[in-house]
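Please read the structure below before turning to the comments.
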Amino acid sequence: MPARSVVSGGVPSSDVRYSRLASDEDGYIDLQFKKSPPKVPYKAIAHAAVLFVIGSLLIIIGALLLAGYFGVTHSDRTVPVLIIGILVFLPGIYHLRIAYYASKGYRGYSYDDIPDFDD
């Protein structure tokens, strides 16, 4: 004798009443297409701000060293400070720009473009 399948709630499947969907509905509801509010990656934006500040300081110090504003005994060490400052500055300003445009709602910019460190 075949066993009866039981639907959740303890009701046998033979006693469940089904109804057809209306023919004009396609089975979708508007709620599933509603966009959820964006999750702001505060930690990543804070990291970008730190990179921006450190890079800016290194660029300023490197430019002052290169211009001879400070008494430098080894002038070959001024260019690496400037290069490191540029390399640190660029990702910081890039991600801060994306965060700013996403916060203002510009088309084509979203917080999803900023890497999230909450893994």
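Residues in the structure tokens are numbered from 1 in each chain, the chains being A, B, ... in the order shown, and ligands are numbered from 1 in the order shown.
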
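The environment of A:Ile84 within 10 Å, counting only C-alpha atoms and disregarding residues fewer than 2 places along the same chain, consists of Ile54, Gly55, Leu58, Ile59, Gly62, Val79, Pro80, Val81, Leu82, Ile86, Leu87, Val88 and Phe89 of chain A.
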
Write the residues of the selection above to a file with N, CA and C atoms, as a PDB file, in the first residue's frame.
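So again_5.pdb came out as:
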ATOM      1  N   ILE A  54      47.307  59.764   4.042  1.00  0.00           N
ATOM      2  CA  ILE A  54      48.726  59.372   4.068  1.00  0.00           C
ATOM      3  C   ILE A  54      49.398  59.693   2.740  1.00  0.00           C
ATOM      4  N   GLY A  55      48.717  59.385   1.639  1.00  0.00           N
ATOM      5  CA  GLY A  55      49.279  59.689   0.316  1.00  0.00           C
ATOM      6  C   GLY A  55      49.481  61.175   0.104  1.00  0.00           C
ATOM      7  N   LEU A  58      52.529  62.243   2.114  1.00  0.00           N
ATOM      8  CA  LEU A  58      53.780  61.797   1.488  1.00  0.00           C
ATOM      9  C   LEU A  58      54.083  62.591   0.211  1.00  0.00           C
ATOM     10  N   ILE A  59      53.070  62.953  -0.538  1.00  0.00           N
ATOM     11  CA  ILE A  59      53.296  63.762  -1.741  1.00  0.00           C
ATOM     12  C   ILE A  59      53.803  65.154  -1.361  1.00  0.00           C
ATOM     13  N   GLY A  62      57.367  64.729  -0.022  1.00  0.00           N
ATOM     14  CA  GLY A  62      58.261  64.419  -1.147  1.00  0.00           C
ATOM     15  C   GLY A  62      58.515  65.625  -2.030  1.00  0.00           C
ATOM     16  N   VAL A  79      62.877  61.074  -4.174  1.00  0.00           N
ATOM     17  CA  VAL A  79      61.973  60.603  -5.225  1.00  0.00           C
ATOM     18  C   VAL A  79      61.143  59.402  -4.772  1.00  0.00           C
ATOM     19  N   PRO A  80      61.706  58.415  -4.053  1.00  0.00           N
ATOM     20  CA  PRO A  80      60.862  57.301  -3.586  1.00  0.00           C
ATOM     21  C   PRO A  80      59.735  57.751  -2.652  1.00  0.00           C
ATOM     22  N   VAL A  81      59.956  58.783  -1.860  1.00  0.00           N
ATOM     23  CA  VAL A  81      58.891  59.289  -0.991  1.00  0.00           C
ATOM     24  C   VAL A  81      57.752  59.827  -1.855  1.00  0.00           C
ATOM     25  N   LEU A  82      58.091  60.530  -2.908  1.00  0.00           N
ATOM     26  CA  LEU A  82      57.089  61.064  -3.824  1.00  0.00           C
ATOM     27  C   LEU A  82      56.350  59.940  -4.555  1.00  0.00           C
ATOM     28  N   ILE A  86      52.335  58.913  -4.269  1.00  0.00           N
ATOM     29  CA  ILE A  86      51.414  58.821  -5.403  1.00  0.00           C
ATOM     30  C   ILE A  86      50.722  57.463  -5.433  1.00  0.00           C
ATOM     31  N   LEU A  87      51.484  56.395  -5.168  1.00  0.00           N
ATOM     32  CA  LEU A  87      50.904  55.053  -5.178  1.00  0.00           C
ATOM     33  C   LEU A  87      49.887  54.841  -4.056  1.00  0.00           C
ATOM     34  N   VAL A  88      50.041  55.520  -2.943  1.00  0.00           N
ATOM     35  CA  VAL A  88      49.087  55.414  -1.843  1.00  0.00           C
ATOM     36  C   VAL A  88      47.903  56.342  -2.073  1.00  0.00           C
ATOM     37  N   PHE A  89      48.150  57.488  -2.678  1.00  0.00           N
ATOM     38  CA  PHE A  89      47.109  58.489  -2.913  1.00  0.00           C
ATOM     39  C   PHE A  89      46.068  58.028  -3.930  1.00  0.00           C
TER      40      PHE A  89
END

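Comparing A:Val53, A:Arg17, A:His95, A:Leu66 by their smallest distance to A:Ser110, the closest is A:His95 (using only C-alpha atoms).
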
**Message:** What parts of stretch 18-104 of chain A does DSSP call helix (DSSP H, G or I)? I'd like the answer as number ranges by chain.
**Reply:** A: 30-33, 42-67, 75-104

Close residues, stretch 97-105 of chain A itself excluded, 12 Å, only C-alpha atoms, min 4 positions apart in chain, as an MDAnalysis selection string: chainID A and resid 37:49 52 90:93 109:115

Can you write out the residues you just picked, keeping N, CA and C atoms, as a PDB file, in the first residue's frame?
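Final output, again-v1.pdb:
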ATOM      1  N   PRO A  37      17.664  49.112  -0.176  1.00  0.00           N
ATOM      2  CA  PRO A  37      18.568  50.255   0.004  1.00  0.00           C
ATOM      3  C   PRO A  37      20.027  49.783   0.028  1.00  0.00           C
ATOM      4  N   PRO A  38      20.918  50.593  -0.523  1.00  0.00           N
ATOM      5  CA  PRO A  38      22.319  50.157  -0.622  1.00  0.00           C
ATOM      6  C   PRO A  38      22.975  50.052   0.747  1.00  0.00           C
ATOM      7  N   LYS A  39      23.840  49.061   0.851  1.00  0.00           N
ATOM      8  CA  LYS A  39      24.620  48.880   2.075  1.00  0.00           C
ATOM      9  C   LYS A  39      25.906  49.688   1.921  1.00  0.00           C
ATOM     10  N   VAL A  40      26.104  50.629   2.795  1.00  0.00           N
ATOM     11  CA  VAL A  40      27.260  51.520   2.706  1.00  0.00           C
ATOM     12  C   VAL A  40      28.461  50.847   3.368  1.00  0.00           C
ATOM     13  N   PRO A  41      29.563  50.650   2.629  1.00  0.00           N
ATOM     14  CA  PRO A  41      30.756  50.020   3.211  1.00  0.00           C
ATOM     15  C   PRO A  41      31.600  51.037   3.985  1.00  0.00           C
ATOM     16  N   TYR A  42      31.195  51.314   5.212  1.00  0.00           N
ATOM     17  CA  TYR A  42      31.881  52.342   6.011  1.00  0.00           C
ATOM     18  C   TYR A  42      33.348  52.003   6.253  1.00  0.00           C
ATOM     19  N   LYS A  43      33.635  50.736   6.480  1.00  0.00           N
ATOM     20  CA  LYS A  43      35.015  50.334   6.758  1.00  0.00           C
ATOM     21  C   LYS A  43      35.917  50.585   5.542  1.00  0.00           C
ATOM     22  N   ALA A  44      35.434  50.259   4.361  1.00  0.00           N
ATOM     23  CA  ALA A  44      36.221  50.469   3.143  1.00  0.00           C
ATOM     24  C   ALA A  44      36.403  51.959   2.859  1.00  0.00           C
ATOM     25  N   ILE A  45      35.372  52.755   3.130  1.00  0.00           N
ATOM     26  CA  ILE A  45      35.487  54.201   2.922  1.00  0.00           C
ATOM     27  C   ILE A  45      36.475  54.799   3.916  1.00  0.00           C
ATOM     28  N   ALA A  46      36.484  54.287   5.150  1.00  0.00           N
ATOM     29  CA  ALA A  46      37.464  54.758   6.138  1.00  0.00           C
ATOM     30  C   ALA A  46      38.885  54.398   5.703  1.00  0.00           C
ATOM     31  N   HIS A  47      39.077  53.196   5.164  1.00  0.00           N
ATOM     32  CA  HIS A  47      40.402  52.817   4.659  1.00  0.00           C
ATOM     33  C   HIS A  47      40.824  53.717   3.496  1.00  0.00           C
ATOM     34  N   ALA A  48      39.882  54.034   2.618  1.00  0.00           N
ATOM     35  CA  ALA A  48      40.194  54.917   1.490  1.00  0.00           C
ATOM     36  C   ALA A  48      40.563  56.309   1.985  1.00  0.00           C
ATOM     37  N   ALA A  49      39.878  56.793   3.024  1.00  0.00           N
ATOM     38  CA  ALA A  49      40.205  58.117   3.576  1.00  0.00           C
ATOM     39  C   ALA A  49      41.602  58.120   4.191  1.00  0.00           C
ATOM     40  N   PHE A  52      44.103  58.188   1.410  1.00  0.00           N
ATOM     41  CA  PHE A  52      44.117  59.529   0.820  1.00  0.00           C
ATOM     42  C   PHE A  52      44.954  60.485   1.666  1.00  0.00           C
ATOM     43  N   LEU A  90      46.515  57.399  -5.007  1.00  0.00           N
ATOM     44  CA  LEU A  90      45.615  57.062  -6.112  1.00  0.00           C
ATOM     45  C   LEU A  90      44.454  56.141  -5.723  1.00  0.00           C
ATOM     46  N   PRO A  91      44.675  55.004  -5.045  1.00  0.00           N
ATOM     47  CA  PRO A  91      43.505  54.187  -4.676  1.00  0.00           C
ATOM     48  C   PRO A  91      42.593  54.890  -3.677  1.00  0.00           C
ATOM     49  N   GLY A  92      43.163  55.704  -2.816  1.00  0.00           N
ATOM     50  CA  GLY A  92      42.343  56.418  -1.839  1.00  0.00           C
ATOM     51  C   GLY A  92      41.414  57.407  -2.503  1.00  0.00           C
ATOM     52  N   ILE A  93      41.926  58.215  -3.414  1.00  0.00           N
ATOM     53  CA  ILE A  93      41.086  59.213  -4.078  1.00  0.00           C
ATOM     54  C   ILE A  93      40.089  58.541  -5.017  1.00  0.00           C
ATOM     55  N   TYR A 109      27.168  55.047 -10.600  1.00  0.00           N
ATOM     56  CA  TYR A 109      27.999  54.895  -9.410  1.00  0.00           C
ATOM     57  C   TYR A 109      27.165  54.266  -8.304  1.00  0.00           C
ATOM     58  N   SER A 110      27.724  53.256  -7.656  1.00  0.00           N
ATOM     59  CA  SER A 110      27.031  52.631  -6.531  1.00  0.00           C
ATOM     60  C   SER A 110      28.069  52.160  -5.523  1.00  0.00           C
ATOM     61  N   TYR A 111      27.595  51.876  -4.336  1.00  0.00           N
ATOM     62  CA  TYR A 111      28.482  51.392  -3.293  1.00  0.00           C
ATOM     63  C   TYR A 111      28.977  49.976  -3.594  1.00  0.00           C
ATOM     64  N   ASP A 112      28.350  49.293  -4.539  1.00  0.00           N
ATOM     65  CA  ASP A 112      28.811  47.954  -4.915  1.00  0.00           C
ATOM     66  C   ASP A 112      30.152  47.996  -5.626  1.00  0.00           C
ATOM     67  N   ASP A 113      30.545  49.163  -6.137  1.00  0.00           N
ATOM     68  CA  ASP A 113      31.832  49.298  -6.822  1.00  0.00           C
ATOM     69  C   ASP A 113      33.011  49.402  -5.851  1.00  0.00           C
ATOM     70  N   ILE A 114      32.723  49.597  -4.586  1.00  0.00           N
ATOM     71  CA  ILE A 114      33.768  49.702  -3.569  1.00  0.00           C
ATOM     72  C   ILE A 114      33.932  48.343  -2.918  1.00  0.00           C
ATOM     73  N   PRO A 115      35.144  47.790  -2.877  1.00  0.00           N
ATOM     74  CA  PRO A 115      35.323  46.484  -2.245  1.00  0.00           C
ATOM     75  C   PRO A 115      34.986  46.544  -0.757  1.00  0.00           C
TER      76      PRO A 115
END
